[in-house]
Amino acid sequence: MLTFKASKAGLSKIKQARILSGWAIADSRWLVAASQIIDSTTDWQQTDYYAVGISPGTWGRFLGGKEPIKAPAFKAYCQVLGLSWQEVCEQNPNTSKSFCIERQPYENQCFQEIVKPGALIRIKAPQEMGKTYFMQNILAYAKTKTYQTQVFSFELSDSTIFTDLAKFSKWFCAGIGQSLGLENKLTDYWDDIFGCNYNTTIYFEKYLLAKLNNPLVIVLDRVDIVFEHLQIANDFCALLRAWNQRASQGDDIGIWQKIRLIIVHSTEVYGSLDINHSPLGGVGLVVKLSEFSFEQVKKLASKYQLFWSDLEIK
């Protein structure tokens with residue numbers, strides 16, 4: 001079975017995400033949540049054991065990064081932390097890009113878009129359709145341009161975050177700041193007399209983006225979780241549209257030209273929003289991943305040394 005361990009950069013992301021969660025290392029909730037991901041048919045909170053591969057030992061090895069653990073456990077721990085396992089994992093020949101199928105012409109379109117000042121790319125598809133792999137390819141290309149990249153997943157949020165727009169906005173600002181290695185300075189920039197979107201914009205403009213030398217690509221992953229909360233979603237989408245408009249119009253100091261956004265969400269979930277209209281309107285380059293074609297499935301099967309007949313491929 002495949003085994004993974006975290007890279008040096010991955011360990012830093014793990015630590016930041018763990019601290020942001022507020023849970024102690026020894027908290028059993030890590031193991032319960034990971035077990036639930038591996039086997040959702042069992043109520044792990046009512047048991048005194050965990051799913052196969054999940055244990056205090058594998059959790060400790062995952063956090064330490066010195067020894068590899070089995071792939072399902074590694075991926076589950078990453079998901080509990082709201083992290084993409086590909087971003088965390090040390091390069092492994094068994095997870096080589098050679099086992100992936102390129103999504104053309106979408107990939108080239110995104111490569112061309114991500115270098116544009118203030119770019120916004122929206123990746124949407126049903127679950128398990130390869131959105132993460134696709135997003136990782138865009139980030140890899142961005143890194144060749146010496147862009148800074150960060151992945152921020154809304155999976156890390158809990159239900160209390162969505163009870164109030166101010167709470168959500170501050171959590172979002174603090175979370176992005178922490179992922180960039182910056183301390184929380186909301187008290188210095190937040191003024192309750194102004195609206196949340198205005199305060200969030202000022203915090204990014206005056207603090208988070210102010211000292212960037214190179215463009216920053218931020219992936220907002222699992223945005224469909226935000227869509228489940230109508231009042232929050234409407235304001236948050238309005239914020240992203242406003243940022244994109246600022247970037248396209250230009251500004252005197254070029255702050256908003258530095259940022260590039262990649263928004264990733266599943267198409268099945270729009271919460272209370274009108275499913276006949278995009279929550280983000282007509283903003284950005286929209287990529288809707290389709291199912292693999294016959295030839296793509298045949299190529300992928302060949303990479304895994306599966307000698308399927310035409311009927312099996314269909």
# chains A, B, ... in the order shown; residues from 1 in each chain; ligands from 1
call {"tool": "residues_around", "arguments": {"residues": "range 162-165 of chain A", "least_positions_apart": "5", "cutoff": "9 Å", "atoms": "only C-alpha atoms", "output": "list in words"}}
result
Ser157, Lys170, Cys196, Val226, His229, Gln231, Ile232, Asp235 and Phe236 of chain A
call {"tool": "residues_around", "arguments": {"residues": "range 190-194 of chain A", "least_positions_apart": "5", "cutoff": "12 Å", "atoms": "only C-alpha atoms", "output": "MDAnalysis selection string"}}
result
chainID A and resid 166:167 169:170 173:174 184:185 199:204 206:207
call {"tool": "residues_around", "arguments": {"residues": "Ala238 in chain A", "least_positions_apart": "2", "cutoff": "12 Å", "atoms": "only C-alpha atoms", "output": "ChimeraX atom specification"}}
result
/A:196-198,201,231-236,240-245,278-283
call {"tool": "residues_around", "arguments": {"residues": "Lys258 in chain A", "least_positions_apart": "3", "cutoff": "12 Å", "atoms": "only C-alpha atoms", "output": "ChimeraX atom specification"}}
result
/A:114-120,147-149,204-205,208-218,243-244,246-248,250-251,253-255,261
call {"tool": "select_by_dssp", "arguments": {"residues": "range 138-173 of chain A", "states": "strand (DSSP E)", "output": "NGL selection string"}}
result
:A and (148-153)
call {"tool": "write_last_selection", "arguments": {"atoms": "N, CA and C atoms", "output": "PDB file, in the first residue's frame"}}
result
ATOM      1  N   GLN A 148       4.008  33.401  -5.003  1.00  0.00           N
ATOM      2  CA  GLN A 148       3.732  32.785  -3.720  1.00  0.00           C
ATOM      3  C   GLN A 148       2.351  32.146  -3.803  1.00  0.00           C
ATOM      4  N   THR A 149       2.175  30.961  -3.198  1.00  0.00           N
ATOM      5  CA  THR A 149       0.890  30.271  -3.265  1.00  0.00           C
ATOM      6  C   THR A 149       0.441  29.838  -1.878  1.00  0.00           C
ATOM      7  N   GLN A 150      -0.866  29.894  -1.654  1.00  0.00           N
ATOM      8  CA  GLN A 150      -1.455  29.429  -0.408  1.00  0.00           C
ATOM      9  C   GLN A 150      -2.808  28.801  -0.707  1.00  0.00           C
ATOM     10  N   VAL A 151      -3.107  27.701   0.002  1.00  0.00           N
ATOM     11  CA  VAL A 151      -4.414  27.051  -0.107  1.00  0.00           C
ATOM     12  C   VAL A 151      -5.163  27.266   1.203  1.00  0.00           C
ATOM     13  N   PHE A 152      -6.364  27.821   1.104  1.00  0.00           N
ATOM     14  CA  PHE A 152      -7.196  28.068   2.281  1.00  0.00           C
ATOM     15  C   PHE A 152      -8.505  27.316   2.085  1.00  0.00           C
ATOM     16  N   SER A 153      -8.740  26.310   2.927  1.00  0.00           N
ATOM     17  CA  SER A 153      -9.928  25.474   2.770  1.00  0.00           C
ATOM     18  C   SER A 153     -10.976  25.817   3.825  1.00  0.00           C
TER      19      SER A 153
END
call {"tool": "closest_residue", "arguments": {"among": "A:Trp23, A:Tyr189, A:Phe74, A:Phe172", "to": "Gly10 in chain A", "atoms": "only C-alpha atoms"}}
result
A:Phe74
call {"tool": "closest_residue", "arguments": {"among": "A:Asp188, A:Asp48, A:Glu90, A:Glu155", "to": "Glu67 in chain A", "atoms": "only C-alpha atoms"}}
result
A:Glu90
call {"tool": "residues_around", "arguments": {"residues": "Pro68 in chain A", "least_positions_apart": "4", "cutoff": "6 Å", "atoms": "only C-alpha atoms", "output": "list in words"}}
result
Thr3, Phe4 and Lys5 of chain A
call {"tool": "atom_distance", "arguments": {"atom1": "CA of Ile19 in chain A", "atom2": "CA of Tyr49 in chain A"}}
result
25.0 Å
call {"tool": "atom_distance", "arguments": {"atom1": "CA of Leu285 in chain A", "atom2": "CA of Arg122 in chain A"}}
result
6.0 Å
call {"tool": "residues_around", "arguments": {"residues": "Phe111 in chain A", "least_positions_apart": "3", "cutoff": "9 Å", "atoms": "only C-alpha atoms", "output": "PyMOL selection string"}}
result
chain A and resi 106-108+114-115+138+141-142
call {"tool": "residues_around", "arguments": {"residues": "Ser290 in chain A", "least_positions_apart": "3", "cutoff": "12 Å", "atoms": "only C-alpha atoms", "output": "PyMOL selection string"}}
result
chain A and resi 103-106+123-131+134+267+287+293+296
call {"tool": "closest_residue", "arguments": {"among": "A:Ala73, A:Thr58, A:Phe168, A:Gln178", "to": "Gln16 in chain A", "atoms": "only C-alpha atoms"}}
result
A:Gln178
call {"tool": "atom_distance", "arguments": {"atom1": "CA of Asp43 in chain A", "atom2": "CA of Leu63 in chain A"}}
result
25.0 Å
